[in-house]
file upload12.cif (mmCIF, C-alpha atoms)
data_input
#
loop_
_atom_site.label_atom_id
_atom_site.label_comp_id
_atom_site.auth_asym_id
_atom_site.auth_seq_id
_atom_site.Cartn_x
_atom_site.Cartn_y
_atom_site.Cartn_z
CA MET J 27 179.31 140.21 175.65
CA GLY J 28 178.95 141.82 172.22
CA THR J 29 181.72 143.10 170.03
CA ALA J 30 183.06 146.64 170.29
CA ASP J 31 181.45 147.46 166.93
CA PRO J 32 177.63 147.75 166.97
CA LYS J 33 177.56 147.15 163.21
CA ASP J 34 179.26 143.78 163.70
CA ASP J 35 176.72 142.81 166.38
CA LEU J 36 173.82 143.70 164.12
CA ARG J 37 175.32 141.88 161.14
CA ARG J 38 175.95 138.77 163.24
CA TYR J 39 172.29 138.58 164.29
CA LEU J 40 171.12 139.21 160.74
CA GLN J 41 173.41 136.47 159.42
CA ALA J 42 172.13 133.96 161.98
CA SER J 43 168.56 134.60 160.81
CA ARG J 44 169.57 134.41 157.15
CA GLU J 45 171.16 131.00 157.68
CA ALA J 46 168.15 129.76 159.66
CA ALA J 47 165.87 130.76 156.77
CA LEU J 48 167.83 128.63 154.34
CA TRP J 49 168.06 125.72 156.77
CA LYS J 50 164.26 125.57 156.84
CA LEU J 51 164.40 124.36 153.21
CA ASP J 52 166.92 121.56 153.79
CA GLY J 53 165.75 118.04 153.02
CA LEU J 54 162.32 119.03 151.73
CA SER J 55 160.80 118.19 148.37
CA GLU J 56 160.12 120.81 145.73
CA TYR J 57 156.44 120.65 146.61
CA ASP J 58 157.01 121.06 150.34
CA VAL J 59 159.20 124.16 149.99
CA ARG J 60 156.52 125.77 147.82
CA ARG J 61 153.21 124.68 149.30
CA PRO J 62 151.11 127.03 151.41
CA LEU J 63 150.05 125.72 154.79
CA VAL J 64 148.19 128.77 156.10
CA PRO J 65 145.32 130.77 154.55
CA THR J 66 147.62 133.68 153.61
CA GLY J 67 149.59 131.38 151.29
CA THR J 68 152.84 131.72 153.23
CA ASN J 69 155.35 129.16 152.00
CA LEU J 70 159.02 128.51 152.71
CA LEU J 71 160.56 129.31 149.32
CA GLY J 72 158.34 132.37 148.95
CA VAL J 73 159.59 133.76 152.25
CA VAL J 74 163.19 133.35 151.06
CA LYS J 75 162.32 135.13 147.80
CA HIS J 76 160.68 137.94 149.78
CA LEU J 77 163.70 138.29 152.08
CA ALA J 78 166.01 138.59 149.06
CA GLY J 79 163.87 141.42 147.73
CA VAL J 80 163.84 143.14 151.13
CA GLU J 81 167.63 143.13 151.32
CA PHE J 82 168.13 144.26 147.73
CA ALA J 83 165.71 147.15 148.24
CA TYR J 84 166.77 148.39 151.66
CA PHE J 85 170.53 147.96 151.26
CA GLY J 86 170.60 148.73 147.55
CA ALA J 87 168.26 151.28 146.04
CA VAL J 88 167.74 153.15 149.33
CA PHE J 89 171.45 154.03 149.40
CA GLY J 90 171.88 154.53 145.66
CA ARG J 91 173.55 151.12 145.34
CA PRO J 92 171.19 149.02 143.17
CA SER J 93 172.21 145.47 142.35
CA PRO J 94 172.07 143.93 138.88
CA ASP J 95 170.83 140.72 140.59
CA GLU J 96 167.66 142.32 141.95
CA GLN J 97 164.58 140.82 140.32
CA PRO J 98 161.63 142.99 139.28
CA PHE J 99 158.31 141.96 140.79
CA ASP J 100 155.44 141.14 138.49
CA GLU J 101 153.03 143.93 139.37
CA SER J 102 150.22 142.07 137.58
CA VAL J 103 150.42 139.17 140.05
CA PRO J 104 149.44 140.10 143.62
CA ASN J 105 152.13 139.25 146.17
CA SER J 106 154.44 137.89 143.49
CA ASP J 107 157.32 138.50 145.90
CA MET J 108 155.88 135.91 148.30
CA PHE J 109 156.05 132.80 146.12
CA ALA J 110 158.39 131.35 143.55
CA SER J 111 157.01 130.94 140.04
CA VAL J 112 157.33 127.64 138.22
CA SER J 113 160.35 128.98 136.34
CA GLU J 114 162.11 130.09 139.56
CA SER J 115 163.91 127.03 140.92
CA ARG J 116 164.88 126.52 144.54
CA GLU J 117 168.52 126.94 143.48
CA PHE J 118 167.71 130.21 141.75
CA ILE J 119 165.86 131.63 144.78
CA THR J 120 168.48 130.53 147.32
CA GLY J 121 171.23 131.85 145.04
CA LEU J 122 169.35 135.13 144.71
CA TYR J 123 169.15 135.37 148.49
CA ARG J 124 172.86 134.70 148.86
CA ASN J 125 173.55 137.39 146.24
CA ALA J 126 171.36 139.75 148.27
CA TRP J 127 173.45 138.96 151.37
CA ALA J 128 176.65 139.76 149.52
CA HIS J 129 175.26 143.00 148.15
CA SER J 130 173.86 144.02 151.55
CA ASP J 131 177.10 143.14 153.32
CA ALA J 132 179.06 145.24 150.83
CA THR J 133 176.76 148.20 151.54
CA MET J 134 177.19 147.71 155.29
CA GLU J 135 180.94 147.48 154.88
CA ALA J 136 181.16 150.59 152.71
CA LEU J 137 178.90 152.90 154.70
CA PRO J 138 178.93 154.12 158.31
CA LEU J 139 175.83 153.39 160.40
CA ASP J 140 174.78 157.06 160.33
CA THR J 141 174.67 157.18 156.50
CA THR J 142 171.31 158.52 155.36
CA GLY J 143 169.27 156.87 152.65
CA HIS J 144 165.85 157.50 151.13
CA VAL J 145 163.04 154.90 151.10
CA PRO J 146 160.86 156.02 148.16
CA TRP J 147 157.95 153.70 149.00
CA TRP J 148 157.55 155.12 152.53
CA PRO J 149 155.61 158.28 153.43
CA ALA J 150 157.71 161.42 152.89
CA GLU J 151 157.87 162.29 156.60
CA ARG J 152 159.59 158.96 157.34
CA ALA J 153 161.45 158.31 154.10
CA GLU J 154 164.86 159.57 155.28
CA VAL J 155 166.54 156.80 157.29
CA THR J 156 169.98 155.74 158.44
CA LEU J 157 171.80 152.54 157.65
CA GLN J 158 171.56 151.66 161.34
CA HIS J 159 167.77 152.04 161.28
CA LEU J 160 167.47 149.76 158.25
CA LEU J 161 169.93 147.22 159.62
CA VAL J 162 167.79 146.90 162.75
CA ARG J 163 164.59 146.82 160.68
CA VAL J 164 165.81 144.15 158.25
CA THR J 165 167.21 142.03 161.10
CA ASP J 166 163.84 142.24 162.84
CA GLU J 167 161.90 141.46 159.66
CA THR J 168 164.14 138.51 158.82
CA ALA J 169 163.79 137.06 162.32
CA ARG J 170 160.01 137.53 162.16
CA HIS J 171 159.81 135.68 158.85
CA VAL J 172 162.06 132.90 160.13
CA GLY J 173 159.55 132.48 162.97
CA GLN J 174 156.84 131.95 160.36
CA MET J 175 159.10 129.46 158.62
CA ASP J 176 159.59 127.61 161.93
CA ILE J 177 155.86 126.94 162.15
CA ILE J 178 155.50 126.00 158.48
CA ARG J 179 158.43 123.58 158.65
CA GLU J 180 157.05 121.99 161.80
CA LEU J 181 153.70 121.51 160.04
CA ILE J 182 155.43 119.86 157.08
CA ASP J 183 157.64 117.30 158.80
CA GLY J 184 158.02 118.16 162.48
CA ALA J 185 161.53 119.62 162.12
CA VAL J 186 162.00 122.42 164.63
CA GLY J 187 164.72 124.64 166.01
CA LEU J 188 167.34 127.16 165.06
CA LYS J 189 169.57 124.93 162.94
CA ALA J 190 170.18 121.28 162.20
CA ASP J 191 173.04 120.80 164.65
CA ALA J 192 171.77 123.06 167.45
CA SER J 193 168.01 123.26 167.88
CA ASN J 194 168.10 125.82 170.72
CA LEU J 195 165.09 124.00 172.22
CA PRO J 196 164.74 122.83 175.84
CA PHE J 197 164.45 119.14 174.86
CA ASP J 198 164.64 117.03 171.72
CA GLU J 199 162.71 113.88 172.60
CA GLN J 200 159.31 113.34 170.97
CA ALA J 201 157.90 111.94 174.22
CA ALA J 202 158.81 115.14 176.08
CA TRP J 203 157.16 117.28 173.40
CA ARG J 204 154.04 115.07 173.46
CA ALA J 205 153.80 115.47 177.26
CA HIS J 206 154.29 119.22 176.93
CA TYR J 207 151.62 119.44 174.21
CA GLU J 208 149.16 117.49 176.35
CA GLN J 209 149.86 119.70 179.36
CA VAL J 210 149.25 122.86 177.31
CA GLU J 211 146.03 121.37 175.89
CA ARG J 212 144.77 120.42 179.38
CA THR J 213 145.58 123.90 180.68
CA ALA J 214 143.80 125.57 177.74
CA ARG J 215 140.70 123.42 178.25
CA GLU J 216 140.66 124.06 181.99
CA ALA J 217 141.17 127.83 181.60
CA SER J 218 138.33 128.05 179.08
CA GLY J 219 135.93 125.89 181.11
CA LEU J 220 136.19 122.92 178.75
CA ALA J 221 137.94 120.61 181.21
CA GLY J 222 136.49 117.19 181.74
#

call {"tool": "encode", "arguments": {"input": "upload12.cif", "output": "structure tokens"}}
result
Amino acid sequence: MGTADPKDDLRRYLQASREAALWKLDGLSEYDVRRPLVPTGTNLLGVVKHLAGVEFAYFGAVFGRPSPDEQPFDESVPNSDMFASVSESREFITGLYRNAWAHSDATMEALPLDTTGHVPWWPAERAEVTLQHLLVRVTDETARHVGQMDIIRELIDGAVGLKADASNLPFDEQAAWRAHYEQVERTAREASGLAG
């Protein structure tokens, strides 16, 4: 059962996703946290940088509460919010994200859920939003990006799950996953007429 305060429930889910995002970096080399493994260039450290920017923007500027820690994006570099530059260390990006959490949490603490803010980069007819709307939106976006990070991390070294000490997966043994993979492959081949 959830808490009596909807804001606390939303913050708890957001925090779980935040922590999962950072866990996806644990134990990896500098190259592995930065390298793209899909054609869109998505990479682990870049996702964390992006999530920091999302929180600073939605829980800062939108409510007239900008943070001095927010980093400007280099408009001359496409998608500069989705990868860390050479000069942006892992420690800098993860620290930036933690600063974004603190700033966002302070906004959530200070304002009621029905507080209205203005999102200047949205169309005018949708630009007026409540803190509750943005808390749901940012929680959803963070969870979505952590799902991307799940796949990228699995491609890098096979690490999977919600967190190091509790994977939240049905089984942990490699043999069980291999059998599952083979079953899914057989089913896909059979369903598409490729069996045999």

call {"tool": "atom_distance", "arguments": {"input": "upload12.cif", "atom1": "CA of Asp95 (chain J)", "atom2": "CA of Ile178 (chain J)"}}
result
27.8 Å

call {"tool": "residues_around", "arguments": {"input": "upload12.cif", "residues": "region 126-134 of chain J", "least_positions_apart": "2", "cutoff": "10 Å", "atoms": "all atoms listed in the file", "output": "ChimeraX atom specification"}}
result
/J:33-34,37,40-41,44,77-86,89-96,120-124,136-139,141,157-158,161

call {"tool": "write_last_selection", "arguments": {"input": "upload12.cif", "atoms": "C-alpha atoms", "output": "PDB file, in the frame of the given file"}}
result
ATOM      1  CA  LYS J  33     177.560 147.150 163.210  1.00  0.00           C
ATOM      2  CA  ASP J  34     179.260 143.780 163.700  1.00  0.00           C
ATOM      3  CA  ARG J  37     175.320 141.880 161.140  1.00  0.00           C
ATOM      4  CA  LEU J  40     171.120 139.210 160.740  1.00  0.00           C
ATOM      5  CA  GLN J  41     173.410 136.470 159.420  1.00  0.00           C
ATOM      6  CA  ARG J  44     169.570 134.410 157.150  1.00  0.00           C
ATOM      7  CA  LEU J  77     163.700 138.290 152.080  1.00  0.00           C
ATOM      8  CA  ALA J  78     166.010 138.590 149.060  1.00  0.00           C
ATOM      9  CA  GLY J  79     163.870 141.420 147.730  1.00  0.00           C
ATOM     10  CA  VAL J  80     163.840 143.140 151.130  1.00  0.00           C
ATOM     11  CA  GLU J  81     167.630 143.130 151.320  1.00  0.00           C
ATOM     12  CA  PHE J  82     168.130 144.260 147.730  1.00  0.00           C
ATOM     13  CA  ALA J  83     165.710 147.150 148.240  1.00  0.00           C
ATOM     14  CA  TYR J  84     166.770 148.390 151.660  1.00  0.00           C
ATOM     15  CA  PHE J  85     170.530 147.960 151.260  1.00  0.00           C
ATOM     16  CA  GLY J  86     170.600 148.730 147.550  1.00  0.00           C
ATOM     17  CA  PHE J  89     171.450 154.030 149.400  1.00  0.00           C
ATOM     18  CA  GLY J  90     171.880 154.530 145.660  1.00  0.00           C
ATOM     19  CA  ARG J  91     173.550 151.120 145.340  1.00  0.00           C
ATOM     20  CA  PRO J  92     171.190 149.020 143.170  1.00  0.00           C
ATOM     21  CA  SER J  93     172.210 145.470 142.350  1.00  0.00           C
ATOM     22  CA  PRO J  94     172.070 143.930 138.880  1.00  0.00           C
ATOM     23  CA  ASP J  95     170.830 140.720 140.590  1.00  0.00           C
ATOM     24  CA  GLU J  96     167.660 142.320 141.950  1.00  0.00           C
ATOM     25  CA  THR J 120     168.480 130.530 147.320  1.00  0.00           C
ATOM     26  CA  GLY J 121     171.230 131.850 145.040  1.00  0.00           C
ATOM     27  CA  LEU J 122     169.350 135.130 144.710  1.00  0.00           C
ATOM     28  CA  TYR J 123     169.150 135.370 148.490  1.00  0.00           C
ATOM     29  CA  ARG J 124     172.860 134.700 148.860  1.00  0.00           C
ATOM     30  CA  ALA J 136     181.160 150.590 152.710  1.00  0.00           C
ATOM     31  CA  LEU J 137     178.900 152.900 154.700  1.00  0.00           C
ATOM     32  CA  PRO J 138     178.930 154.120 158.310  1.00  0.00           C
ATOM     33  CA  LEU J 139     175.830 153.390 160.400  1.00  0.00           C
ATOM     34  CA  THR J 141     174.670 157.180 156.500  1.00  0.00           C
ATOM     35  CA  LEU J 157     171.800 152.540 157.650  1.00  0.00           C
ATOM     36  CA  GLN J 158     171.560 151.660 161.340  1.00  0.00           C
ATOM     37  CA  LEU J 161     169.930 147.220 159.620  1.00  0.00           C
TER      38      LEU J 161
END

call {"tool": "closest_atom_pairs", "arguments": {"input": "upload12.cif", "of": "region 131-221 of chain J", "to": "region 58-69 of chain J", "cutoff": "10 Å", "atoms": "all atoms listed in the file", "output": "CSV"}}
result
residue,atom,partner,partner_atom,distance
J:His171,CA,J:Thr68,CA,9.8
J:Gln174,CA,J:Thr68,CA,8.2
J:Met175,CA,J:Asn69,CA,7.6
J:Ile177,CA,J:Leu63,CA,9.5
J:Ile178,CA,J:Leu63,CA,6.6
J:Arg179,CA,J:Val59,CA,8.7
J:Leu181,CA,J:Leu63,CA,7.7
J:Ile182,CA,J:Asp58,CA,7.0
J:Asp183,CA,J:Asp58,CA,9.3

call {"tool": "atom_distance", "arguments": {"input": "upload12.cif", "atom1": "CA of Glu101 (chain J)", "atom2": "CA of Glu56 (chain J)"}}
result
25.0 Å

call {"tool": "resolve_selection", "arguments": {"input": "upload12.cif", "expression": "the PyMOL selection byres ((chain J and resi 165) around 9)", "output": "PyMOL selection string"}}
result
chain J and resi 36-37+39-41+43-44+160-164+166-170

call {"tool": "write_last_selection", "arguments": {"input": "upload12.cif", "atoms": "C-alpha atoms", "output": "PDB file, in the coordinates of the input"}}
result
ATOM      1  CA  LEU J  36     173.820 143.700 164.120  1.00  0.00           C
ATOM      2  CA  ARG J  37     175.320 141.880 161.140  1.00  0.00           C
ATOM      3  CA  TYR J  39     172.290 138.580 164.290  1.00  0.00           C
ATOM      4  CA  LEU J  40     171.120 139.210 160.740  1.00  0.00           C
ATOM      5  CA  GLN J  41     173.410 136.470 159.420  1.00  0.00           C
ATOM      6  CA  SER J  43     168.560 134.600 160.810  1.00  0.00           C
ATOM      7  CA  ARG J  44     169.570 134.410 157.150  1.00  0.00           C
ATOM      8  CA  LEU J 160     167.470 149.760 158.250  1.00  0.00           C
ATOM      9  CA  LEU J 161     169.930 147.220 159.620  1.00  0.00           C
ATOM     10  CA  VAL J 162     167.790 146.900 162.750  1.00  0.00           C
ATOM     11  CA  ARG J 163     164.590 146.820 160.680  1.00  0.00           C
ATOM     12  CA  VAL J 164     165.810 144.150 158.250  1.00  0.00           C
ATOM     13  CA  ASP J 166     163.840 142.240 162.840  1.00  0.00           C
ATOM     14  CA  GLU J 167     161.900 141.460 159.660  1.00  0.00           C
ATOM     15  CA  THR J 168     164.140 138.510 158.820  1.00  0.00           C
ATOM     16  CA  ALA J 169     163.790 137.060 162.320  1.00  0.00           C
ATOM     17  CA  ARG J 170     160.010 137.530 162.160  1.00  0.00           C
TER      18      ARG J 170
END

call {"tool": "residues_around", "arguments": {"input": "upload12.cif", "residues": "region 107-113 of chain J", "least_positions_apart": "6", "cutoff": "6 Å", "atoms": "all atoms listed in the file", "output": "PyMOL selection string"}}
result
chain J and resi 72-73+76

call {"tool": "closest_residue", "arguments": {"input": "upload12.cif", "among": "J:Ala217, J:Ala30, J:Leu71, J:Ala205", "to": "Asp52 (chain J)", "atoms": "all atoms listed in the file"}}
result
J:Leu71

call {"tool": "decode", "arguments": {"input": "upload12.cif", "residues": "region 84-156 of chain J", "atoms": "C-alpha atoms", "output": "CSV table (one decimal), in the first residue's frame"}}
result
chain,number,residue,atom,x,y,z
J,84,TYR,CA,11.4,20.9,-15.3
J,85,PHE,CA,11.8,21.4,-11.5
J,86,GLY,CA,13.9,24.6,-11.9
J,87,ALA,CA,13.2,27.1,-14.6
J,88,VAL,CA,9.6,25.9,-15.1
J,89,PHE,CA,8.8,27.0,-11.6
J,90,GLY,CA,11.0,30.1,-11.5
J,91,ARG,CA,13.6,28.2,-9.4
J,92,PRO,CA,16.7,28.0,-11.6
J,93,SER,CA,19.8,26.3,-10.3
J,94,PRO,CA,23.3,27.7,-10.5
J,95,ASP,CA,24.5,24.1,-11.1
J,96,GLU,CA,22.5,23.7,-14.4
J,97,GLN,CA,24.8,23.4,-17.4
J,98,PRO,CA,24.1,25.2,-20.6
J,99,PHE,CA,23.9,23.0,-23.7
J,100,ASP,CA,26.2,23.6,-26.6
J,101,GLU,CA,23.7,24.6,-29.2
J,102,SER,CA,26.4,24.2,-31.9
J,103,VAL,CA,26.7,20.4,-31.2
J,104,PRO,CA,23.6,18.4,-32.0
J,105,ASN,CA,22.3,16.4,-29.0
J,106,SER,CA,25.1,17.7,-26.8
J,107,ASP,CA,22.9,16.8,-23.8
J,108,MET,CA,23.1,13.1,-24.7
J,109,PHE,CA,26.8,12.5,-24.3
J,110,ALA,CA,29.6,13.7,-22.0
J,111,SER,CA,32.4,15.7,-23.6
J,112,VAL,CA,36.0,14.8,-23.0
J,113,SER,CA,36.2,17.5,-20.3
J,114,GLU,CA,33.1,16.2,-18.5
J,115,SER,CA,34.3,13.4,-16.2
J,116,ARG,CA,32.1,10.6,-14.9
J,117,GLU,CA,32.4,12.2,-11.4
J,118,PHE,CA,31.3,15.5,-12.8
J,119,ILE,CA,28.2,14.1,-14.6
J,120,THR,CA,27.1,11.9,-11.6
J,121,GLY,CA,27.7,14.9,-9.3
J,122,LEU,CA,25.6,17.1,-11.6
J,123,TYR,CA,22.8,14.5,-11.5
J,124,ARG,CA,22.9,14.3,-7.7
J,125,ASN,CA,22.8,18.1,-7.6
J,126,ALA,CA,19.8,18.0,-9.9
J,127,TRP,CA,18.1,15.6,-7.5
J,128,ALA,CA,18.7,17.9,-4.6
J,129,HIS,CA,17.4,20.9,-6.5
J,130,SER,CA,14.3,19.0,-7.7
J,131,ASP,CA,13.6,17.6,-4.3
J,132,ALA,CA,13.8,21.1,-2.8
J,133,THR,CA,11.2,22.3,-5.4
J,134,MET,CA,9.0,19.3,-4.6
J,135,GLU,CA,9.3,20.0,-0.9
J,136,ALA,CA,8.5,23.7,-1.3
J,137,LEU,CA,5.6,23.6,-3.6
J,138,PRO,CA,2.2,21.8,-3.5
J,139,LEU,CA,1.4,19.4,-6.3
J,140,ASP,CA,-1.2,21.8,-7.8
J,141,THR,CA,1.4,24.6,-8.2
J,142,THR,CA,1.4,25.9,-11.8
J,143,GLY,CA,4.6,26.4,-13.8
J,144,HIS,CA,5.3,27.4,-17.4
J,145,VAL,CA,7.3,25.2,-19.9
J,146,PRO,CA,8.6,27.8,-22.4
J,147,TRP,CA,9.8,25.1,-24.9
J,148,TRP,CA,6.3,23.6,-25.2
J,149,PRO,CA,3.5,24.8,-27.5
J,150,ALA,CA,1.6,27.7,-25.8
J,151,GLU,CA,-1.6,25.6,-25.5
J,152,ARG,CA,0.2,23.1,-23.3
J,153,ALA,CA,2.8,25.2,-21.6
J,154,GLU,CA,1.0,25.7,-18.3
J,155,VAL,CA,1.5,22.6,-16.2
J,156,THR,CA,1.3,21.6,-12.5
